[in-house]
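**Q** One file is attached below, data24.txt, containing compact mmCIF, C-alpha atoms and all ligand atoms.
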```txt
# COMPACT_ATOMS: atom_id res chain seq x y z
CA MET N 1 -27.87 -79.08 138.99
CA LEU N 2 -27.79 -78.09 135.33
CA LYS N 3 -28.95 -74.53 135.95
CA ASP N 4 -26.85 -72.08 133.90
CA LYS N 5 -24.36 -74.78 132.86
CA LYS N 6 -23.06 -74.10 129.35
CA ILE N 7 -23.36 -77.26 127.30
CA ILE N 8 -22.46 -77.91 123.66
CA VAL N 9 -24.28 -80.81 122.08
CA PHE N 10 -22.41 -82.25 119.08
CA VAL N 11 -24.82 -84.12 116.82
CA ALA N 12 -23.46 -86.72 114.37
CA GLY N 13 -25.43 -88.41 111.59
CA GLY N 14 -27.37 -91.43 112.80
CA ILE N 15 -31.02 -92.28 113.20
CA ALA N 16 -30.82 -91.39 116.91
CA VAL N 17 -30.55 -87.68 115.97
CA TYR N 18 -34.30 -87.50 116.50
CA LYS N 19 -33.84 -88.76 120.06
CA THR N 20 -31.23 -86.06 120.68
CA VAL N 21 -34.04 -83.53 120.18
CA ALA N 22 -35.61 -84.83 123.42
CA LEU N 23 -32.23 -84.67 125.16
CA VAL N 24 -31.70 -81.01 124.19
CA ARG N 25 -35.22 -80.22 125.34
CA GLU N 26 -34.56 -81.85 128.72
CA LEU N 27 -31.27 -79.97 129.20
CA ILE N 28 -33.06 -76.68 128.48
CA LYS N 29 -35.92 -77.64 130.80
CA GLN N 30 -33.40 -78.16 133.58
CA GLY N 31 -31.98 -74.67 133.10
CA ALA N 32 -28.85 -75.36 131.02
CA GLN N 33 -27.67 -73.02 128.26
CA VAL N 34 -27.32 -75.22 125.18
CA LYS N 35 -25.57 -74.68 121.84
CA VAL N 36 -25.78 -77.31 119.13
CA ALA N 37 -23.25 -78.20 116.42
CA MET N 38 -24.25 -80.70 113.73
CA THR N 39 -22.40 -82.69 111.08
CA GLU N 40 -23.75 -82.43 107.56
CA ASN N 41 -25.04 -86.02 107.82
CA ALA N 42 -26.93 -85.19 111.02
CA THR N 43 -28.89 -82.48 109.17
CA LYS N 44 -30.28 -85.21 106.86
CA PHE N 45 -32.16 -86.71 109.83
CA VAL N 46 -33.39 -83.57 111.60
CA ALA N 47 -33.33 -80.00 110.30
CA PRO N 48 -31.05 -77.58 112.21
CA LEU N 49 -34.07 -75.34 112.73
CA THR N 50 -35.49 -77.86 115.24
CA PHE N 51 -32.39 -77.54 117.43
CA GLN N 52 -32.27 -73.77 116.88
CA VAL N 53 -35.83 -73.32 118.13
CA LEU N 54 -35.29 -75.62 121.13
CA SER N 55 -31.93 -74.22 122.19
CA GLN N 56 -32.79 -70.62 121.25
CA ASN N 57 -29.32 -70.43 119.75
CA LYS N 58 -27.90 -70.55 116.28
CA VAL N 59 -26.85 -74.06 115.21
CA PHE N 60 -23.22 -74.46 114.12
CA LEU N 61 -22.70 -76.31 110.86
CA ASP N 62 -19.90 -74.82 108.78
CA THR N 63 -16.29 -74.27 109.87
CA PHE N 64 -15.81 -71.48 107.35
CA GLU N 65 -18.95 -69.55 108.11
CA GLU N 66 -17.31 -66.88 110.26
CA GLU N 67 -19.98 -64.30 111.06
CA ASP N 68 -18.08 -62.55 113.79
CA SER N 69 -14.72 -61.19 112.61
CA GLU N 70 -13.47 -60.95 116.18
CA HIS N 71 -13.72 -64.69 116.88
CA VAL N 72 -12.86 -67.95 115.20
CA SER N 73 -16.20 -69.62 115.87
CA HIS N 74 -15.12 -73.22 116.60
CA ILE N 75 -12.44 -72.03 119.04
CA HIS N 76 -14.82 -69.53 120.62
CA LEU N 77 -17.48 -72.22 121.05
CA ALA N 78 -14.98 -74.69 122.52
CA ASP N 79 -13.86 -72.02 125.03
CA TRP N 80 -17.47 -71.16 125.92
CA ALA N 81 -18.51 -74.63 127.09
CA ASP N 82 -18.55 -76.05 130.64
CA TYR N 83 -19.45 -79.49 129.30
CA ALA N 84 -19.78 -81.22 125.93
CA ILE N 85 -22.07 -84.04 124.88
CA ILE N 86 -21.72 -86.04 121.64
CA SER N 87 -25.14 -87.43 120.77
CA PRO N 88 -25.46 -89.68 118.90
CA ALA N 89 -21.79 -90.54 118.58
CA THR N 90 -21.56 -92.57 115.37
CA ALA N 91 -18.75 -95.03 114.58
CA ASN N 92 -17.41 -92.46 112.11
CA VAL N 93 -17.23 -89.54 114.55
CA LEU N 94 -15.68 -91.78 117.23
CA ALA N 95 -13.02 -92.91 114.73
CA LYS N 96 -12.23 -89.28 113.91
CA ILE N 97 -11.95 -88.26 117.58
CA ALA N 98 -9.74 -91.28 118.34
CA ASN N 99 -7.37 -90.23 115.57
CA GLY N 100 -7.49 -86.47 115.97
CA ILE N 101 -9.12 -85.90 112.59
CA ALA N 102 -10.75 -82.48 112.21
CA ASP N 103 -12.52 -82.15 108.88
CA ASP N 104 -15.81 -80.43 109.71
CA PHE N 105 -17.21 -78.04 112.33
CA VAL N 106 -18.02 -80.79 114.86
CA THR N 107 -14.66 -82.55 114.79
CA THR N 108 -12.68 -79.30 114.57
CA THR N 109 -14.42 -77.94 117.66
CA LEU N 110 -13.95 -81.28 119.43
CA LEU N 111 -10.23 -81.04 118.81
CA ALA N 112 -10.18 -77.59 120.40
CA ILE N 113 -12.34 -78.55 123.37
CA HIS N 114 -10.93 -78.54 126.89
CA CYS N 115 -14.04 -79.15 129.01
CA PRO N 116 -15.22 -82.64 130.12
CA VAL N 117 -16.80 -84.66 127.28
CA PHE N 118 -19.72 -87.07 127.65
CA ILE N 119 -20.31 -89.42 124.73
CA ILE N 120 -23.50 -91.31 123.84
CA PRO N 121 -22.61 -93.88 121.17
CA ALA N 122 -25.44 -95.27 119.02
CA MET N 123 -24.93 -97.48 115.97
CA ASN N 124 -25.54 -100.88 114.50
CA SER N 125 -24.39 -103.68 116.83
CA ASN N 126 -21.90 -105.11 114.29
CA MET N 127 -20.33 -101.69 113.86
CA TYR N 128 -20.23 -101.29 117.65
CA MET N 129 -18.53 -104.65 118.15
CA ASN N 130 -16.06 -104.20 115.28
CA PRO N 131 -12.45 -104.35 116.61
CA ALA N 132 -11.67 -100.96 115.05
CA SER N 133 -14.61 -99.36 116.89
CA LYS N 134 -13.62 -101.09 120.14
CA ASN N 135 -10.08 -99.81 119.72
CA ASN N 136 -11.34 -96.27 119.07
CA ARG N 137 -13.48 -96.34 122.20
CA MET N 138 -10.55 -97.56 124.26
CA LYS N 139 -8.38 -94.72 122.95
CA ILE N 140 -11.10 -92.15 123.60
CA SER N 141 -11.60 -93.27 127.19
CA GLN N 142 -7.84 -92.91 127.68
CA PHE N 143 -8.26 -89.24 126.68
CA GLY N 144 -10.40 -88.94 129.84
CA TYR N 145 -13.71 -88.74 127.97
CA THR N 146 -16.75 -90.54 129.41
CA LEU N 147 -18.50 -93.04 127.15
CA MET N 148 -21.94 -94.40 127.94
CA GLU N 149 -22.76 -98.02 127.17
CA PRO N 150 -25.48 -98.16 124.52
CA ASP N 151 -28.65 -100.14 125.21
CA ILE N 152 -29.23 -103.67 124.00
CA GLY N 153 -32.50 -103.97 122.08
CA PHE N 154 -34.35 -103.57 118.83
CA LEU N 155 -32.22 -101.66 116.31
CA ALA N 156 -33.31 -99.57 113.31
CA GLU N 157 -32.10 -102.47 111.09
CA GLY N 158 -34.92 -104.64 112.45
CA TYR N 159 -32.99 -106.98 114.71
CA GLU N 160 -31.80 -107.09 118.33
CA GLY N 161 -28.32 -106.03 119.30
CA LYS N 162 -26.11 -103.73 121.37
CA GLY N 163 -25.92 -100.22 119.96
CA ARG N 164 -29.32 -98.72 120.70
CA TYR N 165 -29.45 -95.09 121.86
CA PRO N 166 -30.13 -95.27 125.64
CA GLU N 167 -33.40 -94.18 127.26
CA LEU N 168 -33.47 -90.47 128.20
CA PHE N 169 -33.93 -91.36 131.88
CA ARG N 170 -30.65 -93.33 131.89
CA ILE N 171 -28.79 -90.64 129.92
CA MET N 172 -29.84 -87.91 132.35
CA GLY N 173 -28.92 -90.04 135.38
CA GLU N 174 -25.44 -90.82 134.03
CA PHE N 175 -24.90 -87.27 132.79
CA GLU N 176 -25.76 -85.86 136.23
CA GLN N 177 -23.29 -88.29 137.79
CA PHE N 178 -20.67 -87.17 135.29
CA ILE N 179 -21.25 -83.52 136.21
CA LEU N 180 -21.05 -84.26 139.93
CA LYS N 181 -17.71 -85.97 139.36
CA HIS N 182 -16.33 -82.87 137.64
CA GLU N 183 -17.75 -80.16 139.91
CA ILE N 184 -15.06 -79.69 142.52
CA ASN N 185 -16.46 -76.76 144.45
CA LEU N 186 -19.79 -78.18 145.60
CA PRO N 187 -20.48 -77.20 149.23
CA LEU N 188 -21.28 -80.73 150.45
CA LYS N 189 -18.49 -82.55 148.60
CA GLY N 190 -17.13 -85.31 150.85
CA LYS N 191 -20.05 -85.10 153.32
CA LYS N 192 -22.11 -88.18 154.15
CA VAL N 193 -25.78 -87.46 154.78
CA ILE N 194 -28.51 -89.90 155.81
CA VAL N 195 -32.09 -88.98 154.88
CA THR N 196 -35.13 -90.96 155.98
CA ALA N 197 -38.41 -90.69 154.10
CA GLY N 198 -41.98 -91.98 153.98
CA GLY N 199 -44.41 -93.35 156.53
CA THR N 200 -43.46 -96.57 158.29
CA LYS N 201 -45.78 -99.60 158.17
CA GLU N 202 -46.40 -101.53 161.35
CA ARG N 203 -47.76 -104.98 160.56
CA ILE N 204 -50.88 -106.30 162.26
CA ASP N 205 -51.13 -109.45 160.17
CA PRO N 206 -49.94 -110.49 156.66
CA VAL N 207 -52.52 -108.23 154.94
CA ARG N 208 -52.98 -105.31 157.34
CA TYR N 209 -50.80 -102.62 158.82
CA ILE N 210 -50.85 -99.29 160.68
CA SER N 211 -49.35 -96.37 158.78
CA ASN N 212 -49.87 -92.68 158.01
CA ASP N 213 -50.36 -90.35 155.06
CA SER N 214 -46.70 -89.54 154.41
CA SER N 215 -45.74 -90.06 150.73
CA GLY N 216 -41.97 -89.65 151.11
CA LYS N 217 -41.93 -86.72 148.62
CA MET N 218 -40.25 -84.25 151.00
CA GLY N 219 -37.49 -86.70 151.99
CA HIS N 220 -36.85 -87.73 148.38
CA ALA N 221 -36.71 -84.06 147.27
CA LEU N 222 -34.19 -83.34 150.05
CA ALA N 223 -32.07 -86.33 149.04
CA LYS N 224 -31.88 -85.05 145.44
CA VAL N 225 -30.87 -81.51 146.43
CA LEU N 226 -28.24 -82.84 148.83
CA ARG N 227 -26.85 -85.01 146.02
CA ASP N 228 -26.79 -82.00 143.70
CA LYS N 229 -24.76 -80.10 146.30
CA GLY N 230 -22.16 -82.88 146.29
CA ALA N 231 -23.16 -84.96 149.33
CA GLU N 232 -22.90 -88.75 149.44
CA VAL N 233 -26.53 -89.50 150.22
CA LEU N 234 -27.98 -92.59 151.86
CA LEU N 235 -31.78 -92.56 151.57
CA ILE N 236 -33.56 -94.90 153.98
CA THR N 237 -37.11 -94.91 152.74
CA THR N 238 -40.43 -96.72 152.84
CA SER N 239 -41.50 -95.10 149.58
CA SER N 240 -41.34 -96.51 146.05
CA LEU N 241 -40.88 -93.02 144.52
CA ASN N 242 -38.05 -92.58 142.00
CA VAL N 243 -34.62 -91.94 143.40
CA ALA N 244 -32.15 -89.69 141.55
CA ALA N 245 -29.03 -91.41 140.21
CA GLY N 246 -26.11 -91.61 142.59
CA ILE N 247 -28.23 -91.78 145.74
CA LYS N 248 -27.84 -95.01 147.69
CA LYS N 249 -31.31 -96.25 148.56
CA VAL N 250 -32.24 -98.70 151.31
CA THR N 251 -35.90 -99.70 151.41
CA VAL N 252 -37.42 -100.41 154.81
CA SER N 253 -40.94 -100.93 156.08
CA SER N 254 -41.31 -100.70 159.86
CA ALA N 255 -39.98 -98.21 162.41
CA HIS N 256 -37.76 -100.96 163.82
CA GLU N 257 -36.22 -101.70 160.39
CA MET N 258 -35.65 -97.97 159.83
CA PHE N 259 -34.01 -97.68 163.24
CA LYS N 260 -31.63 -100.57 162.51
CA GLU N 261 -30.51 -99.02 159.20
CA VAL N 262 -30.06 -95.50 160.63
CA ASP N 263 -28.15 -96.91 163.59
CA LYS N 264 -25.84 -98.89 161.27
CA TYR N 265 -24.66 -95.80 159.38
CA PHE N 266 -25.09 -92.94 161.88
CA ALA N 267 -21.60 -93.09 163.46
CA THR N 268 -19.86 -92.40 160.15
CA ALA N 269 -22.38 -89.81 158.87
CA ASP N 270 -21.95 -86.02 158.96
CA SER N 271 -25.67 -85.40 159.15
CA LEU N 272 -29.00 -87.19 159.65
CA ILE N 273 -32.26 -85.74 158.35
CA MET N 274 -35.29 -87.55 159.75
CA ALA N 275 -37.97 -86.60 157.22
CA ALA N 276 -39.76 -89.95 157.70
CA ALA N 277 -43.09 -90.08 159.46
CA VAL N 278 -42.22 -92.83 161.91
CA SER N 279 -45.15 -94.60 163.58
CA ASP N 280 -45.15 -93.95 167.29
CA TYR N 281 -46.86 -97.25 168.07
CA SER N 282 -46.64 -100.75 166.67
CA PRO N 283 -48.80 -103.85 167.36
CA LYS N 284 -47.29 -105.79 170.26
CA TYR N 285 -47.68 -109.04 168.34
CA GLU N 286 -47.73 -109.46 164.59
CA GLN N 287 -50.14 -112.28 163.66
CA ASN N 288 -48.67 -114.67 161.13
CA LYS N 289 -52.13 -115.59 159.81
CA LYS N 290 -54.84 -113.22 158.61
CA ILE N 291 -57.14 -112.22 161.49
CA LYS N 292 -60.62 -113.60 160.76
CA LYS N 293 -63.81 -111.64 161.47
CA ASP N 294 -65.06 -114.23 163.96
CA ASN N 295 -65.26 -111.83 166.89
CA GLN N 296 -67.43 -108.77 167.44
CA LEU N 297 -64.59 -106.99 169.14
CA VAL N 298 -60.89 -107.23 168.41
CA GLN N 299 -58.47 -105.47 170.69
CA LEU N 300 -55.11 -104.48 169.37
CA GLU N 301 -52.34 -104.03 171.88
CA LEU N 302 -49.86 -101.37 170.78
CA VAL N 303 -46.37 -100.70 172.09
CA LYS N 304 -44.27 -97.60 171.63
CA THR N 305 -41.66 -97.74 168.86
CA VAL N 306 -38.11 -96.58 169.38
CA ASP N 307 -37.73 -92.82 168.83
CA ILE N 308 -35.00 -92.91 166.17
CA LEU N 309 -34.26 -89.19 166.21
CA LYS N 310 -34.08 -89.01 169.98
CA THR N 311 -31.83 -92.07 170.17
CA MET N 312 -29.45 -90.61 167.59
CA GLY N 313 -29.62 -87.29 169.47
CA SER N 314 -28.27 -89.10 172.55
CA LYS N 315 -25.46 -90.68 170.48
CA LYS N 316 -24.50 -87.73 168.34
CA LYS N 317 -20.94 -86.40 168.28
CA LYS N 318 -20.11 -84.15 165.32
CA GLN N 319 -23.31 -84.90 163.36
CA LEU N 320 -25.79 -82.21 162.41
CA LEU N 321 -29.16 -83.62 163.46
CA VAL N 322 -32.30 -82.48 161.65
CA GLY N 323 -35.82 -83.51 162.56
CA PHE N 324 -39.29 -82.70 161.32
CA ALA N 325 -42.29 -81.85 163.48
CA ALA N 326 -45.69 -82.70 162.07
CA GLU N 327 -48.13 -80.60 164.08
CA THR N 328 -51.82 -79.79 164.02
CA ASN N 329 -51.68 -77.25 166.87
CA ASP N 330 -49.23 -75.22 169.00
CA LEU N 331 -46.61 -75.54 166.26
CA LYS N 332 -43.98 -73.27 167.82
CA GLU N 333 -44.13 -74.74 171.33
CA ASN N 334 -44.16 -78.34 170.09
CA ALA N 335 -41.33 -77.78 167.61
CA GLN N 336 -39.12 -76.08 170.20
CA LYS N 337 -39.84 -78.87 172.67
CA LYS N 338 -38.77 -81.48 170.09
CA LEU N 339 -35.63 -79.48 169.25
CA ILE N 340 -34.47 -79.69 172.86
CA GLU N 341 -35.80 -83.10 173.89
CA LYS N 342 -34.33 -84.84 170.85
CA ASN N 343 -31.04 -82.89 171.01
CA CYS N 344 -31.48 -81.66 167.42
CA ASP N 345 -29.71 -78.81 165.65
CA LEU N 346 -32.68 -78.01 163.44
CA ILE N 347 -36.40 -78.81 163.51
CA ILE N 348 -38.50 -78.29 160.41
CA ALA N 349 -42.07 -77.86 161.52
CA ASN N 350 -45.16 -78.08 159.35
CA ASP N 351 -48.83 -77.71 160.02
CA VAL N 352 -50.27 -81.00 158.78
CA SER N 353 -53.86 -79.97 159.51
CA GLN N 354 -53.92 -77.92 156.29
CA LYS N 355 -54.64 -79.57 152.94
CA ASP N 356 -51.94 -77.84 150.86
CA ARG N 357 -48.93 -78.73 153.00
CA GLY N 358 -47.28 -81.67 154.71
CA PHE N 359 -48.46 -85.19 154.02
CA ASN N 360 -49.10 -86.57 150.55
CA VAL N 361 -49.20 -83.28 148.61
CA ASP N 362 -46.64 -81.61 146.31
CA THR N 363 -46.38 -78.38 148.30
CA ASN N 364 -45.23 -77.46 151.76
CA GLU N 365 -44.87 -74.50 154.10
CA VAL N 366 -42.45 -74.93 156.96
CA THR N 367 -40.82 -73.05 159.80
CA LEU N 368 -37.22 -73.79 160.74
CA PHE N 369 -36.36 -73.80 164.44
CA THR N 370 -32.79 -73.71 165.75
CA LEU N 371 -31.35 -73.02 169.18
CA LYS N 372 -29.43 -69.90 168.22
CA ARG N 373 -31.55 -68.06 165.67
CA GLU N 374 -35.07 -66.72 165.34
CA PRO N 375 -37.49 -69.13 163.60
CA LEU N 376 -37.33 -68.88 159.80
CA GLN N 377 -40.54 -69.31 157.83
CA LEU N 378 -40.42 -70.74 154.30
CA SER N 379 -43.69 -69.81 152.65
CA LEU N 380 -45.86 -72.21 150.66
CA ASN N 381 -44.00 -73.61 147.66
CA LYS N 382 -43.28 -76.83 145.77
CA LYS N 383 -41.51 -79.40 147.93
CA GLU N 384 -38.47 -79.23 145.57
CA VAL N 385 -38.11 -75.47 146.24
CA ILE N 386 -38.60 -75.92 149.99
CA ALA N 387 -35.96 -78.70 149.88
CA GLU N 388 -33.45 -76.31 148.26
CA LYS N 389 -34.01 -73.70 150.96
CA ILE N 390 -33.72 -76.28 153.75
CA VAL N 391 -30.48 -77.61 152.26
CA ASP N 392 -29.09 -74.06 152.04
CA LYS N 393 -29.79 -73.72 155.75
CA ILE N 394 -28.16 -77.10 156.46
CA ILE N 395 -25.07 -76.08 154.47
CA SER N 396 -24.70 -72.85 156.45
CA MET N 397 -25.17 -74.73 159.74
CA ILE N 398 -22.55 -77.37 158.82
CA GLN N 399 -20.17 -74.57 157.88
CA GLU N 400 -20.86 -72.76 161.17
CA LYS N 401 -20.29 -75.99 163.15
CA GLU N 402 -16.99 -76.61 161.37
CA ASP N 403 -15.85 -73.02 161.99
CA GLU N 404 -16.68 -73.39 165.69
CA GLU N 405 -14.78 -76.69 165.85
CA SER N 406 -11.68 -75.24 164.24
CA ASP N 407 -11.86 -72.23 166.59
CA THR N 408 -12.00 -74.57 169.60
CA ASN N 409 -9.11 -76.66 168.24
CA ARG N 410 -7.05 -73.55 167.65
CA LYS N 411 -7.73 -72.33 171.21
CA ASN N 412 -6.89 -75.76 172.69
CA ASN N 413 -3.63 -75.91 170.77
CA SER N 414 -2.46 -72.43 171.69
N1 LIG N 501 -39.35 -89.67 164.94
C1 LIG N 501 -38.47 -90.71 165.10
N2 LIG N 501 -38.89 -91.86 165.69
C2 LIG N 501 -40.17 -92.01 166.11
C3 LIG N 501 -41.07 -90.94 165.93
C4 LIG N 501 -40.64 -89.77 165.34
O1 LIG N 501 -37.31 -90.60 164.73
N3 LIG N 501 -40.54 -93.14 166.66
C5 LIG N 501 -38.85 -88.44 164.31
C6 LIG N 501 -39.56 -88.04 163.04
O2 LIG N 501 -38.92 -88.59 161.90
C7 LIG N 501 -39.45 -86.52 163.06
C8 LIG N 501 -39.42 -86.18 164.55
O3 LIG N 501 -39.08 -87.39 165.22
O4 LIG N 501 -38.23 -86.09 162.50
C9 LIG N 501 -40.75 -85.69 165.08
O5 LIG N 501 -41.77 -86.55 164.69
P1 LIG N 501 -43.30 -86.22 165.01
O6 LIG N 501 -44.16 -87.30 164.48
O7 LIG N 501 -43.60 -84.81 164.62
O8 LIG N 501 -43.32 -86.21 166.59
P2 LIG N 501 -43.18 -87.33 167.64
O9 LIG N 501 -41.80 -87.31 168.19
O10 LIG N 501 -43.62 -88.65 167.07
O11 LIG N 501 -44.15 -86.86 168.78
P3 LIG N 501 -45.74 -86.57 168.68
O12 LIG N 501 -46.29 -87.58 167.70
O13 LIG N 501 -46.20 -86.78 170.06
O14 LIG N 501 -45.88 -85.15 168.21
```
Take the structure in this file and express it as structure tokens.
Ligand code: CTP

**A**
Amino acid sequence: MLKDKKIIVFVAGGIAVYKTVALVRELIKQGAQVKVAMTENATKFVAPLTFQVLSQNKVFLDTFEEEDSEHVSHIHLADWADYAIISPATANVLAKIANGIADDFVTTTLLAIHCPVFIIPAMNSNMYMNPASKNNRMKISQFGYTLMEPDIGFLAEGYEGKGRYPELFRIMGEFEQFILKHEINLPLKGKKVIVTAGGTKERIDPVRYISNDSSGKMGHALAKVLRDKGAEVLLITTSSLNVAAGIKKVTVSSAHEMFKEVDKYFATADSLIMAAAVSDYSPKYEQNKKIKKDNQLVQLELVKTVDILKTMGSKKKKQLLVGFAAETNDLKENAQKKLIEKNCDLIIANDVSQKDRGFNVDTNEVTLFTLKREPLQLSLNKKEVIAEKIVDKIISMIQEKEDEESDTNRKNNS
């Protein structure tokens, strides 16, 4: 999501400057282009060279250091940025922004900025709670800037309070949400997509169950890419893997629970992607007490579970229906059979007999089957990369479906 985004990080003078180093590193790692501007006080905590090396860009410090005669550097920098972050935002810098004061490079550039601004306040809790600081924050949010809530916890002063610089994980989650809010041209903006992930667990007794090797990685990777492309994502999963911010997660266990959740939301969704490995059979009776080893032979009666994908295929109206096919043999024939029998628009088939793809590994190689086009093979790659390619295909199919619908409407109306 951050790939090639141009981000200015304004660094003000507080102890959390050292934590901003990790933030800049993470932004770079995610593909953003970063330029850093520091106040003089900030340079007392961390040398500009640290940010220069990490961002691979010169660090801006002095309003009057005009190296390039063709540009006024603070205006040029303000015009360059897609997004701005103030980290840490001290009480002093917030007071200056609230009152339009521009007396150094950071505040002068901030006055010239016209991109969305994301602010990470960090200060002593008494300073944070001071009525003047509260008033400044209120004013700043009225400018349309986004202010994070600092963490509550152990402060540099040696006591607990609200004002701590938030954990990087929370910053990145909220910053990604902030970007999604401001990106208006994302291809899946306004689309509701349900993704299922993980292997279901069918209970035998309170301590035993039937399941499979699916980790949920492919489904979770798909959910993240769909979110990055602007979709409103509902992830129905059996997995405890991390879920990217902004994705609504519903945790389920059995095939029946998964079915109930999918069925609840399917009518209002634009697409369903069944990446879950749903058990085909479930014990007929779940024992409420642990089965003891008293008998030489225990027979387990299994009944077929509901085929979620097929059921949704019979109910589908405008939805784009995507299924997976986990195969060990006759991949093409089996995938094409599933495509038709389950009334899907797309089947993503993988050969689960091989160790480096499919279940419980970080890589995958898949072939995409549709009714209209030749199969498309996506060669072995990380699941995140495969997810991006699958989502590109889904986007083009949704677009095609919408174009067909508007053609039909036009014909019917003429
Ligand atoms: N699926 C489902 N409900 C089930 C079983 C499978 O919705 N009870 C979905 C899976 O999520 C997947 C697709 O159907 O998207 C194909 O699953 P797969 O396990 O490959 O095939 P099955 O339909 O279960 O058939 P078989 O096991 O005989 O290959």

**Q** Which residue, N:Ser55, N:Asn288, N:Thr370, N:Thr20, has the smallest gap to Met172 in chain N when you use all atoms listed in the file?

**A**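 Smallest distance to Met172 in chain N is found for N:Thr20.
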
**Q** With all atoms listed in the file as the basis for distance, which of N:Ile28, N:Ala132, N:Val391, N:Ala277 is at the shortest distance from ligand LIG 501 (chain N)?

**A**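 Among the listed residues, the smallest separation from ligand LIG 501 (chain N) belongs to N:Ala277.
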
**Q** State, in Å with one decimal place, the distance from CA of His114 in chain N to CA of Tyr83 in chain N.

**A**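 Straight-line distance from CA of His114 in chain N to CA of Tyr83 in chain N works out to 8.9 Å.
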
**Q** Would you kindly return, as number ranges by chain, each protein, DNA or RNA residue with an atom no farther than 7 Å from any atom of range 87-96 of chain N, considering only C-alpha atoms and excluding same-chain residues fewer than 6 positions away?

**A** N: 9-14, 16-17, 20, 119-123, 127, 133, 136

**Q** For chain N against ligand LIG 501 (chain N), with a cut-off of 8 Å and counting only C-alpha atoms and all ligand atoms, what is the closest atom pair and its distance in Å to one decimal for every residue that makes the cut, ordered by chain and number, as JSON lines?

**A**
```
{"residue": "N:Thr196", "atom": "CA", "partner": "N:LIG501", "partner_atom": "O2", "distance": 7.4}
{"residue": "N:Ala255", "atom": "CA", "partner": "N:LIG501", "partner_atom": "N3", "distance": 6.6}
{"residue": "N:Phe259", "atom": "CA", "partner": "N:LIG501", "partner_atom": "O1", "distance": 8.0}
{"residue": "N:Ile273", "atom": "CA", "partner": "N:LIG501", "partner_atom": "O4", "distance": 7.3}
{"residue": "N:Met274", "atom": "CA", "partner": "N:LIG501", "partner_atom": "O4", "distance": 4.3}
{"residue": "N:Ala275", "atom": "CA", "partner": "N:LIG501", "partner_atom": "O2", "distance": 5.2}
{"residue": "N:Ala276", "atom": "CA", "partner": "N:LIG501", "partner_atom": "O2", "distance": 4.5}
{"residue": "N:Ala277", "atom": "CA", "partner": "N:LIG501", "partner_atom": "O2", "distance": 5.1}
{"residue": "N:Val278", "atom": "CA", "partner": "N:LIG501", "partner_atom": "C3", "distance": 4.6}
{"residue": "N:Ser279", "atom": "CA", "partner": "N:LIG501", "partner_atom": "N3", "distance": 5.7}
{"residue": "N:Asp280", "atom": "CA", "partner": "N:LIG501", "partner_atom": "N3", "distance": 4.7}
{"residue": "N:Tyr281", "atom": "CA", "partner": "N:LIG501", "partner_atom": "N3", "distance": 7.7}
{"residue": "N:Lys304", "atom": "CA", "partner": "N:LIG501", "partner_atom": "N3", "distance": 7.6}
{"residue": "N:Thr305", "atom": "CA", "partner": "N:LIG501", "partner_atom": "N3", "distance": 5.2}
{"residue": "N:Val306", "atom": "CA", "partner": "N:LIG501", "partner_atom": "N3", "distance": 5.0}
{"residue": "N:Asp307", "atom": "CA", "partner": "N:LIG501", "partner_atom": "N2", "distance": 3.5}
{"residue": "N:Ile308", "atom": "CA", "partner": "N:LIG501", "partner_atom": "O1", "distance": 3.6}
{"residue": "N:Leu309", "atom": "CA", "partner": "N:LIG501", "partner_atom": "O1", "distance": 3.7}
{"residue": "N:Lys310", "atom": "CA", "partner": "N:LIG501", "partner_atom": "O1", "distance": 6.4}
{"residue": "N:Thr311", "atom": "CA", "partner": "N:LIG501", "partner_atom": "O1", "distance": 7.9}
{"residue": "N:Val322", "atom": "CA", "partner": "N:LIG501", "partner_atom": "O4", "distance": 7.0}
{"residue": "N:Gly323", "atom": "CA", "partner": "N:LIG501", "partner_atom": "O4", "distance": 3.5}
{"residue": "N:Phe324", "atom": "CA", "partner": "N:LIG501", "partner_atom": "O4", "distance": 3.7}
{"residue": "N:Ala325", "atom": "CA", "partner": "N:LIG501", "partner_atom": "O7", "distance": 3.4}
{"residue": "N:Ala326", "atom": "CA", "partner": "N:LIG501", "partner_atom": "O7", "distance": 3.9}
{"residue": "N:Glu327", "atom": "CA", "partner": "N:LIG501", "partner_atom": "O7", "distance": 6.2}
{"residue": "N:Asn334", "atom": "CA", "partner": "N:LIG501", "partner_atom": "O14", "distance": 7.3}
{"residue": "N:Ala335", "atom": "CA", "partner": "N:LIG501", "partner_atom": "O7", "distance": 8.0}
{"residue": "N:Lys338", "atom": "CA", "partner": "N:LIG501", "partner_atom": "C9", "distance": 6.8}
{"residue": "N:Lys342", "atom": "CA", "partner": "N:LIG501", "partner_atom": "O3", "distance": 7.8}
{"residue": "N:Ile347", "atom": "CA", "partner": "N:LIG501", "partner_atom": "O4", "distance": 7.6}
{"residue": "N:Ala349", "atom": "CA", "partner": "N:LIG501", "partner_atom": "O7", "distance": 7.8}
```
